[in-house]
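Report on the structure given below.
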Amino acid sequence: MQKHFITIGLFVLLALITVLAQAGVLSPYHVSVLMFMGVNIILASSLNLVNGYMGEFSCGHGGFMCVGAYVSAVCSVLMFSKNQILGAPLLPPSLALLGFPLSLLAGSAAAAVAGLVVAVPSFKTRGDYLAIITLAANYIVISAINNMEIIGGPRGFMGMNATEVAMKGLADIPWVLMWVMAGTVFTVWLLRRFVSSTLGKGVPAICQDEIAAEIMSVDTNRMKLIAFMLSSGLAGLAGGLYAQILGYVNPQSFDIMRSTEVMVMVYLGGMGSLSGATLSAILFTVLMEALRFLGVWKWVVIPLLLILLMQFRPEGIMGNKELSDLFPKLRKYYSFK
Amino acid sequence: MPLLEINGLTRRFGGLIAVNDFNIELGEHELVALIGPNGAGKTTVFNLISGFYQPSEGSIRFKGRDTRGLRPNRVTSLGVARTFQGIRLWGEMHVLDNIRIAQHYRLGYSLLDSFLRTKNYVTREKAIDAIAWELLEAMDLKDCAFELPRNLPYGVQRRVEIARAMSVKPSLLLLDEPAAGLNSSDVEGLIKLVRWIYDSYPVTIWMIEHQMKVVMSLCSRIKVIDFGATIADGAPEEIQKNPTVIKAYLGDDTI
Amino acid sequence: MEIFQHILNALQFGSFYALIALGYTLVYGVLRLINFAHGDIFMVGAYIAYFVAVSLLGLGGASLGLHLDPTLALAVTVPVTMILTSLVGVTLERTMYRPLRRKGANRLYVVITALMAGLILENGNLALLGASRKSFPDLVDKVVWNFGSVSMTNLKVIVIVASVAVFLLLQFIVTRTKIGMAMRGISYDKFAIPLMGIPLDSIIVVTFILGSGMAGLAGILFAMSYPILEPYMGALIGWKAFIAAVVGGIGDIRGAIVGGFLLGFIELGVVAVFPSTLRDLFAFSVLLIILWLRPTGIYGVAQTTKI
């Protein structure tokens with residue numbers, strides 16, 4: 001029983017948040033901040049797999065988020081919404097609870113396939129060259145969508161809130177919040193399981209000495225494929241959730257600024273630390289809201305903070321340690337494998 | 001069928017011939033040395049066997065199988081393991097993980113298994129763990145199982161590297177200058193370790209080494225190479241007296 | 001004949017990419033650092049040129065009280081801009097990159113610092129000067145020459161000539177002077193250089209002076225050719241110039257020139273055939289394909305690892 005203390009605690013916390021949101025104790029603003037926090041956790045922890053554990057320099061995470069957001073949004077709209085170009089809804093609202101996760105799955109899958117674009121070149125090149133490929137890929141995705149009038153081009157795409165309306169029709173509870181929480185917990189759970197297995201440890205082995213890894217029987221190509229596709233697929237999940245939260249997407253929200261934000265979270269939290277990425281995503285979301293009063297100076301202060309971080313504590317909050325390394329007593333309450 | 005059969009192996013780097021028509025046959029359970037002056041091409045031969053380089057000419061057959069074109073991790077999975085001239089352990093992972101990861105080719109479970117923690121996953125991970133601990137115990141490394149390599153003395157790091165190579169369960173163990181950088185008591189320990197491995201496991205050990213003490217006390221057969229080509233091959237006593245070998249190492253009197 | 005017009009336009013636009021790419025490649029060649037702030041240094045250069053020109057010409061509330069004739073203003077603006085922009089680059093180096101270098105920090109931390117410095121420049125500009133675009137004053141009387149159906153403005157010629165001249169100058173410096181040799185030496189072995197009695201920091205400062213100065217030149221030329229300035233103008237051009245530098249083979253000056261002009265040609269080629277909104281998409285895709293076929297770039301040399 002004691003071993004699952006933290007897990008139970010987590011579920012209690014999430015249930016509490018849901019109840020408070022439903023009761024109106026948490027304002028819609030608070031709820032949206034919490035939801036963006038969840039999205040940021042997914043983004044930061046998924047990028048951490050590639051930039052932290054594997055030590056690559058992927059600068060295009062926004063592009064994968066974009067793929068996931070659009071694919072998921074389009075599926076959602078196809079299923080439940082009336083759209084000028086795409087036509088009448090294909091499914092009745094009662095299937096919303098099945099349709100929405102399917103749309104998220106479609107978005108993630110599409111984003112994972114997009115991850116191939118970066119994964120395959122990574123077999124032969126590393127570092128700076130891969131950075132460019134990810135940058136270019138990000139731009140290409142945005143550019144492509146800007147040219148697709150059928151889904152709104154640069155003006156954006158909307159209609160996803162019909163899905164939320166359909167879900168609310170079944171029960172008036174904060175569905176989107178719950179889906180975001182589920183997605184966040186799922187992501188962290190998945191990544192934790194992967195990196196703690198011997199299979200997953202092949203990833204930092206590649207980071208620390210790729211040649212040794214290859215010669216010690218690690219199939220580096222397969223590992224890179226897994227890491228990149230897992231990372232981009234989860235970014236796609238974040239995108240799908242993000243699209244649902246806003247009810248609207250446009251290509252500009254996934255450009256290099258978005259990718260930079262995610263990189264800030266990863267490097268702030270510490271490369272190669274899952275708990276670090278999670279903590280820093282939470283911190284970063286709060287910081288972004290707290291500094292909102294600065295207006296445009298926000299984006300002068302945040303880079304400055306990161307520069308100071310690089311000067312005085314470049315390994316970030318957690319370095320490459322996990323919470324269980326810093327607080328060994330935690331092991332009693334959770335079965336960290 | 002010989003364990004390792006190399007014929008006419010040649011490797012050029014642009015105009016430089018690093019390995020020149022190298023031939024050797026190794027059987028099961030032998031203890032052989034590869035010696036020669038610096039720059040003779042010894043590590044290049046190992047790199048060719050590992051699959052890190054591809055031959056310009058010639059063939060390499062391991063257990064009858066042509067290994068040319070195979071990626072290094074594939075070659076290792078066939079049963080070839082090695083250590084490196086400069087120790088290449090994974091610095092941010094503790095010793096136990098270093099040894100576990102070398103079993104990557106026979107994890108025996110899928111990605112999905114790792115997510116869902118299926119029975120297969122649990123069983124296989126236990127087995128991997130067991131093999132790793134067994135090696136640690138046997139090589140007197142149990143106490144540093146959770147240490148990072150950089151916190152360990154050089155001699156211990158070398159032992160960890162050898163343990164990692166043994167974790168592959170190889171039929172052929174390639175040791176690249178295992179005694180390099182070791183003090184005399186560590187060298188004694190190394191000789192004991194290599195002898196113990198040879199006696200306990202059905203493995204052929206082929207080592208590159210400069211320290212003649214190690215070579216003479218362990219190896220039953222020595223192959224000498226210079227400028228990429230074989231200049232002698234035989235028992236230690238013959239090699240010690242071979243004039244070509246002496247000339248290669250010490251030069252001759254003519255100026 | 002039309003094709004010559006296109007070639008000319010491509011050369012002109014390519015010149016900007018080339019000039020900016022030169023800055024990237026110089027710093028990378030010496031420090032193995034992608035100075036992500038470089039595109040924004042270009043933007044700063046354009047803005048510096050704006051303020052210098054405006055105050056020299058005595059326009060719009062400038063305090064210097066001068067009313068110089070445009071050609072004279074140009075003659076002063078160009079060197080002043082280049083010097084001030086170099087100063088910006090060197091300040092960046094001294095305050096942010098050098099301390100990390102001293103500590104022997106991981107290259108990645110410096111790259112992140114560079115990325116953040118770029119953001120500060122962009123958003124600092126936005127915060128200080130507001131979102132309104134600035135309009136660059138005319139410094140050069142436009143002269144148009146017509147050869148049949150090909151029209152050439154003197155400005156276009158100036159830009160192209162400038163970039164070629166800069167390339168020749170840099171090539172001379174890097175291959176024929178002692179400083180250039182030191183720069184090349186650093187790229188091979190950073191630790192051996194100070195041991196040989198060569199002041200590492202001074203050489204690095206020189207590298208930044210050259211690179212940022214060229215960005216400043218690009219800034220003023222760009223402002224003269226496309227007189228609307230806004231804070232994010234350096235971002236996209238910067239990224240593209242960087243990609244151009246890599247495609248050409250980063251670390252090699254010839255690569256920056258070839259890559260820059262190549263990108264100019266690709267972009268113009270795309271726009272000639274496809275709708276202009278597809279320009280960036282195709283340009284990036286073609287560059288990706290070139291990198292895939294030749295990962296080290298056109299003039300790049302593959303790094304080998306020994307084990």
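So you can find residues: chains in the structure tokens are A, B, ... in the order shown, residues in each start at 1, and ligands are numbered from 1 in order.
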With a cut-off of 9 Å and counting only C-alpha atoms, select all residues of chain C in contact with chain A and give the selection as a JSON list (two decimals) with C-alpha atoms, in the first residue's frame.
```
[["chain", "number", "residue", "atom", "x", "y", "z"],
["C", 34, "ILE", "CA", 26.43, 28.56, -34.28],
["C", 96, "MET", "CA", 28.21, 36.18, -22.84],
["C", 99, "PRO", "CA", 32.80, 33.65, -19.67],
["C", 100, "LEU", "CA", 31.40, 30.34, -20.82],
["C", 105, "ALA", "CA", 31.35, 25.04, -20.73],
["C", 106, "ASN", "CA", 29.70, 22.56, -23.01],
["C", 108, "LEU", "CA", 25.50, 23.52, -26.19],
["C", 109, "TYR", "CA", 25.25, 26.06, -23.38],
["C", 110, "VAL", "CA", 26.90, 28.67, -25.57],
["C", 112, "ILE", "CA", 21.54, 28.31, -26.12],
["C", 113, "THR", "CA", 22.99, 31.59, -24.86],
["C", 114, "ALA", "CA", 23.29, 32.73, -28.47],
["C", 115, "LEU", "CA", 19.68, 31.79, -29.16],
["C", 116, "MET", "CA", 18.54, 33.73, -26.11],
["C", 117, "ALA", "CA", 20.69, 36.73, -27.01],
["C", 118, "GLY", "CA", 18.97, 36.83, -30.37],
["C", 119, "LEU", "CA", 15.57, 36.83, -28.69],
["C", 120, "ILE", "CA", 16.64, 39.66, -26.43],
["C", 121, "LEU", "CA", 17.75, 41.73, -29.40],
["C", 122, "GLU", "CA", 14.48, 41.16, -31.25],
["C", 123, "ASN", "CA", 12.15, 41.72, -28.37],
["C", 124, "GLY", "CA", 14.26, 44.45, -26.84],
["C", 126, "LEU", "CA", 10.18, 45.70, -30.08],
["C", 127, "ALA", "CA", 9.89, 46.87, -26.50],
["C", 239, "TRP", "CA", 17.81, 31.27, -40.30],
["C", 240, "LYS", "CA", 17.90, 31.06, -44.07],
["C", 242, "PHE", "CA", 22.47, 29.98, -41.65],
["C", 243, "ILE", "CA", 21.04, 27.10, -43.66],
["C", 246, "VAL", "CA", 25.63, 24.94, -43.86],
["C", 277, "THR", "CA", 3.60, 31.65, -50.96],
["C", 278, "LEU", "CA", 5.37, 28.38, -51.71],
["C", 279, "ARG", "CA", 8.75, 30.07, -51.83],
["C", 280, "ASP", "CA", 9.92, 29.28, -48.33],
["C", 281, "LEU", "CA", 8.51, 25.78, -48.43],
["C", 282, "PHE", "CA", 10.38, 24.87, -51.58],
["C", 284, "PHE", "CA", 13.80, 24.79, -47.34],
["C", 285, "SER", "CA", 12.91, 21.50, -48.99],
["C", 287, "LEU", "CA", 18.14, 22.74, -49.01],
["C", 288, "LEU", "CA", 17.16, 19.70, -47.00],
["C", 291, "LEU", "CA", 22.03, 18.28, -47.13],
["C", 292, "TRP", "CA", 20.72, 14.77, -47.35],
["C", 295, "PRO", "CA", 25.61, 16.00, -45.39],
["C", 296, "THR", "CA", 28.75, 18.02, -44.89],
["C", 307, "ILE", "CA", 38.66, 4.78, -31.94]]
```
Could you list, as a PDB file with C-alpha atoms, in the first residue's frame, the residues of chain A having an atom within 12 Å of chain B when counting only C-alpha atoms?
```pdb
ATOM      1  CA  TYR A  53      18.544  11.814 -22.933  1.00  0.00           C
ATOM      2  CA  PHE A 186      -0.018   9.109 -19.812  1.00  0.00           C
ATOM      3  CA  THR A 187       2.980  10.909 -21.333  1.00  0.00           C
ATOM      4  CA  VAL A 188       5.028  11.000 -18.168  1.00  0.00           C
ATOM      5  CA  TRP A 189       4.102   7.408 -17.382  1.00  0.00           C
ATOM      6  CA  LEU A 190       5.073   6.234 -20.854  1.00  0.00           C
ATOM      7  CA  LEU A 191       8.375   8.061 -20.891  1.00  0.00           C
ATOM      8  CA  ARG A 192       9.234   6.927 -17.381  1.00  0.00           C
ATOM      9  CA  ARG A 193       8.644   3.319 -18.328  1.00  0.00           C
ATOM     10  CA  PHE A 194      10.744   3.657 -21.446  1.00  0.00           C
ATOM     11  CA  VAL A 195      13.787   5.328 -19.925  1.00  0.00           C
ATOM     12  CA  SER A 196      13.919   3.077 -16.889  1.00  0.00           C
ATOM     13  CA  SER A 197      14.030  -0.103 -18.975  1.00  0.00           C
ATOM     14  CA  THR A 198      17.311  -1.496 -20.272  1.00  0.00           C
ATOM     15  CA  LEU A 199      15.915  -0.924 -23.761  1.00  0.00           C
ATOM     16  CA  GLY A 200      15.444   2.760 -23.012  1.00  0.00           C
ATOM     17  CA  LYS A 201      18.914   3.042 -21.516  1.00  0.00           C
ATOM     18  CA  GLY A 202      20.276   2.515 -24.990  1.00  0.00           C
ATOM     19  CA  VAL A 203      19.317   6.153 -25.620  1.00  0.00           C
ATOM     20  CA  PRO A 204      21.689   7.787 -23.110  1.00  0.00           C
ATOM     21  CA  ALA A 205      24.309   5.232 -24.145  1.00  0.00           C
ATOM     22  CA  ILE A 206      24.125   6.683 -27.652  1.00  0.00           C
ATOM     23  CA  CYS A 207      24.389  10.154 -26.186  1.00  0.00           C
ATOM     24  CA  GLN A 208      27.427   9.411 -24.083  1.00  0.00           C
ATOM     25  CA  ASP A 209      29.322   7.320 -26.586  1.00  0.00           C
ATOM     26  CA  GLU A 210      27.578   6.320 -29.781  1.00  0.00           C
ATOM     27  CA  ILE A 211      30.451   4.289 -31.136  1.00  0.00           C
ATOM     28  CA  ALA A 212      30.760   2.269 -27.951  1.00  0.00           C
ATOM     29  CA  ALA A 213      26.997   1.758 -27.966  1.00  0.00           C
ATOM     30  CA  GLU A 214      27.041   0.483 -31.519  1.00  0.00           C
ATOM     31  CA  ILE A 215      29.908  -1.873 -30.833  1.00  0.00           C
ATOM     32  CA  MET A 216      28.333  -3.110 -27.617  1.00  0.00           C
ATOM     33  CA  SER A 217      25.333  -4.374 -29.604  1.00  0.00           C
ATOM     34  CA  VAL A 218      22.939  -1.421 -29.300  1.00  0.00           C
ATOM     35  CA  ASP A 219      20.994  -1.042 -32.544  1.00  0.00           C
ATOM     36  CA  THR A 220      21.521   2.699 -32.745  1.00  0.00           C
ATOM     37  CA  ASN A 221      19.334   3.237 -35.780  1.00  0.00           C
ATOM     38  CA  ARG A 222      16.400   1.506 -34.154  1.00  0.00           C
ATOM     39  CA  MET A 223      16.885   3.441 -30.910  1.00  0.00           C
ATOM     40  CA  LEU A 225      13.884   5.845 -34.638  1.00  0.00           C
ATOM     41  CA  ILE A 226      12.061   4.976 -31.431  1.00  0.00           C
ATOM     42  CA  ALA A 227      13.250   8.086 -29.612  1.00  0.00           C
ATOM     43  CA  LEU A 230       8.043   8.737 -29.544  1.00  0.00           C
ATOM     44  CA  GLY A 272      18.086  13.973 -19.138  1.00  0.00           C
ATOM     45  CA  GLY A 319      20.777  18.346 -13.905  1.00  0.00           C
ATOM     46  CA  ASN A 320      20.439  14.774 -14.989  1.00  0.00           C
ATOM     47  CA  LYS A 321      19.062  13.558 -11.700  1.00  0.00           C
ATOM     48  CA  LYS A 337      11.732   1.033 -11.158  1.00  0.00           C
TER      49      LYS A 337
END
```
Q. Quick one: DSSP strand (DSSP E or B) residues in range 76-223 of chain B, as a list in words?
A.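 So the strand (DSSP E or B) residues in range 76-223 of chain B would be Val80, Ala81, Arg82, Leu172, Leu173, Leu174, Leu175, Asp176, Thr204, Ile205, Trp206, Met207, Ile208, Arg221, Ile222 and Lys223 of chain B.
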(Q) Report as an MDAnalysis selection string all protein, DNA and RNA residues lying within 8 Å of Ile42 in chain A, evaluated on only C-alpha atoms, omitting residues in the same chain fewer than 5 positions from it. (A) chainID A and resid 183:184 187:188 234:235 238
Q.
Would you compute the distance between CA of Met82 in chain C and CA of Leu31 in chain C? Give it in Å to one decimal.
A.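 About the pair CA of Met82 in chain C and CA of Leu31 in chain C: they are 21.8 Å apart.
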Q.
Please return, as a ChimeraX atom specification, all residues of range 163-305 of chain C that DSSP assigns to alpha helix (DSSP H) on the basis of the backbone.
A. /C:163-176,178-188,192-195,200-225,233-248,253-273,279-293
Next, the residues of the selection above should be written as an mmCIF file, in the first residue's frame with C-alpha atoms.
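part.cif, freshly written:
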```
data_model
loop_
_atom_site.group_PDB
_atom_site.id
_atom_site.type_symbol
_atom_site.label_atom_id
_atom_site.label_comp_id
_atom_site.auth_asym_id
_atom_site.auth_seq_id
_atom_site.Cartn_x
_atom_site.Cartn_y
_atom_site.Cartn_z
ATOM 1 C CA SER C 163 29.315 40.970 -51.495
ATOM 2 C CA VAL C 164 31.927 39.815 -53.980
ATOM 3 C CA ALA C 165 34.381 42.391 -52.668
ATOM 4 C CA VAL C 166 33.772 41.286 -49.093
ATOM 5 C CA PHE C 167 34.310 37.677 -50.067
ATOM 6 C CA LEU C 168 37.605 38.475 -51.765
ATOM 7 C CA LEU C 169 38.718 40.544 -48.811
ATOM 8 C CA LEU C 170 37.866 37.829 -46.300
ATOM 9 C CA GLN C 171 39.403 35.125 -48.431
ATOM 10 C CA PHE C 172 42.576 37.197 -48.558
ATOM 11 C CA ILE C 173 42.570 37.757 -44.826
ATOM 12 C CA VAL C 174 41.959 34.131 -43.989
ATOM 13 C CA THR C 175 44.432 32.608 -46.390
ATOM 14 C CA ARG C 176 47.177 35.210 -46.694
ATOM 15 C CA LYS C 178 48.902 35.896 -40.075
ATOM 16 C CA ILE C 179 45.629 36.590 -38.349
ATOM 17 C CA GLY C 180 43.806 34.478 -40.848
ATOM 18 C CA MET C 181 46.234 31.659 -40.254
ATOM 19 C CA ALA C 182 45.631 31.972 -36.546
ATOM 20 C CA MET C 183 41.895 31.807 -37.171
ATOM 21 C CA ARG C 184 42.284 28.646 -39.164
ATOM 22 C CA GLY C 185 44.589 27.268 -36.500
ATOM 23 C CA ILE C 186 42.009 27.789 -33.795
ATOM 24 C CA SER C 187 39.479 25.824 -35.763
ATOM 25 C CA TYR C 188 41.797 22.831 -35.752
ATOM 26 C CA ALA C 192 47.312 24.369 -28.854
ATOM 27 C CA ILE C 193 46.985 27.934 -30.106
ATOM 28 C CA PRO C 194 47.615 29.792 -26.836
ATOM 29 C CA LEU C 195 50.454 27.378 -26.178
ATOM 30 C CA LEU C 200 43.251 33.296 -28.414
ATOM 31 C CA ASP C 201 40.887 35.969 -27.193
ATOM 32 C CA SER C 202 42.196 38.617 -29.570
ATOM 33 C CA ILE C 203 41.750 36.381 -32.565
ATOM 34 C CA ILE C 204 38.233 35.562 -31.494
ATOM 35 C CA VAL C 205 37.458 39.246 -31.108
ATOM 36 C CA VAL C 206 38.774 39.863 -34.616
ATOM 37 C CA THR C 207 36.542 37.089 -35.917
ATOM 38 C CA PHE C 208 33.504 38.680 -34.354
ATOM 39 C CA ILE C 209 34.488 42.111 -35.625
ATOM 40 C CA LEU C 210 34.705 40.782 -39.156
ATOM 41 C CA GLY C 211 31.538 38.718 -38.969
ATOM 42 C CA SER C 212 29.398 41.365 -37.318
ATOM 43 C CA GLY C 213 30.813 44.081 -39.494
ATOM 44 C CA MET C 214 29.710 42.161 -42.561
ATOM 45 C CA ALA C 215 26.287 41.714 -41.010
ATOM 46 C CA GLY C 216 26.172 45.468 -40.485
ATOM 47 C CA LEU C 217 27.059 46.029 -44.116
ATOM 48 C CA ALA C 218 24.344 43.605 -45.119
ATOM 49 C CA GLY C 219 21.993 45.512 -42.857
ATOM 50 C CA ILE C 220 22.567 48.854 -44.466
ATOM 51 C CA LEU C 221 22.481 47.455 -47.999
ATOM 52 C CA PHE C 222 19.270 45.612 -47.223
ATOM 53 C CA ALA C 223 17.729 48.745 -45.710
ATOM 54 C CA MET C 224 18.600 50.682 -48.833
ATOM 55 C CA SER C 225 17.098 48.020 -51.084
ATOM 56 C CA MET C 233 13.327 41.186 -39.977
ATOM 57 C CA GLY C 234 16.513 39.432 -38.976
ATOM 58 C CA ALA C 235 14.880 36.240 -37.818
ATOM 59 C CA LEU C 236 13.802 34.564 -41.023
ATOM 60 C CA ILE C 237 16.680 35.906 -43.103
ATOM 61 C CA GLY C 238 19.068 34.850 -40.359
ATOM 62 C CA TRP C 239 17.814 31.265 -40.302
ATOM 63 C CA LYS C 240 17.902 31.061 -44.072
ATOM 64 C CA ALA C 241 21.403 32.483 -44.270
ATOM 65 C CA PHE C 242 22.467 29.978 -41.655
ATOM 66 C CA ILE C 243 21.045 27.099 -43.658
ATOM 67 C CA ALA C 244 22.739 28.523 -46.729
ATOM 68 C CA ALA C 245 26.044 28.564 -44.858
ATOM 69 C CA VAL C 246 25.628 24.945 -43.860
ATOM 70 C CA VAL C 247 24.630 23.821 -47.331
ATOM 71 C CA GLY C 248 27.727 25.532 -48.652
ATOM 72 C CA ILE C 253 34.094 31.097 -46.592
ATOM 73 C CA ARG C 254 33.599 29.890 -50.145
ATOM 74 C CA GLY C 255 30.733 27.813 -48.828
ATOM 75 C CA ALA C 256 28.992 30.854 -47.392
ATOM 76 C CA ILE C 257 29.169 32.678 -50.712
ATOM 77 C CA VAL C 258 28.130 29.713 -52.786
ATOM 78 C CA GLY C 259 25.414 28.744 -50.329
ATOM 79 C CA GLY C 260 24.065 32.278 -50.131
ATOM 80 C CA PHE C 261 23.869 32.737 -53.885
ATOM 81 C CA LEU C 262 22.514 29.231 -54.322
ATOM 82 C CA LEU C 263 19.690 30.029 -51.956
ATOM 83 C CA GLY C 264 19.005 33.256 -53.821
ATOM 84 C CA PHE C 265 18.736 31.319 -57.061
ATOM 85 C CA ILE C 266 16.557 28.607 -55.591
ATOM 86 C CA GLU C 267 14.150 31.138 -54.135
ATOM 87 C CA LEU C 268 13.864 33.087 -57.308
ATOM 88 C CA GLY C 269 13.545 29.934 -59.338
ATOM 89 C CA VAL C 270 10.701 28.751 -57.146
ATOM 90 C CA VAL C 271 8.867 32.058 -57.325
ATOM 91 C CA ALA C 272 9.208 32.124 -61.093
ATOM 92 C CA VAL C 273 7.347 28.841 -61.441
ATOM 93 C CA ARG C 279 8.745 30.074 -51.834
ATOM 94 C CA ASP C 280 9.918 29.280 -48.328
ATOM 95 C CA LEU C 281 8.509 25.779 -48.435
ATOM 96 C CA PHE C 282 10.381 24.866 -51.580
ATOM 97 C CA ALA C 283 13.548 26.670 -50.622
ATOM 98 C CA PHE C 284 13.799 24.794 -47.341
ATOM 99 C CA SER C 285 12.908 21.505 -48.985
ATOM 100 C CA VAL C 286 15.566 21.855 -51.649
ATOM 101 C CA LEU C 287 18.139 22.743 -49.008
ATOM 102 C CA LEU C 288 17.164 19.698 -46.997
ATOM 103 C CA ILE C 289 17.597 17.514 -50.046
ATOM 104 C CA ILE C 290 21.041 18.935 -50.730
ATOM 105 C CA LEU C 291 22.027 18.282 -47.128
ATOM 106 C CA TRP C 292 20.719 14.771 -47.351
ATOM 107 C CA LEU C 293 22.756 14.071 -50.454
#
```
Q | Atom-to-atom span, CA of Ala112 in chain A and CA of Phe64 in chain A, Å | A |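 These atoms are spaced 7.9 Å apart.
Note that CA of Thr85 in chain C and CA of Leu56 in chain C are 17.5 Å apart.
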Q. Counting only C-alpha atoms, what is within 7 Å of range 273-279 of chain A, bar same-chain residues fewer than 5 positions away, as a PyMOL selection string?
A. chain A and resi 41+44-45+48+265-266+317-323
Q: Considering only C-alpha atoms, state which residue in the set B:Leu48, B:Ala229, B:Ile197, B:Leu135 is at the smallest distance from chain C.
A: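 Closest residue, counting only C-alpha atoms: B:Leu48.
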**Q.** range 70-73 of chain A surroundings by only C-alpha atoms, 9 Å radius, close-in-sequence under 2 positions cut, as a PyMOL selection string
**A.** chain A and resi 65-68+75-78+100+102-108+110-111+145+151+157-160+236-237+239-241+243-244+247-251
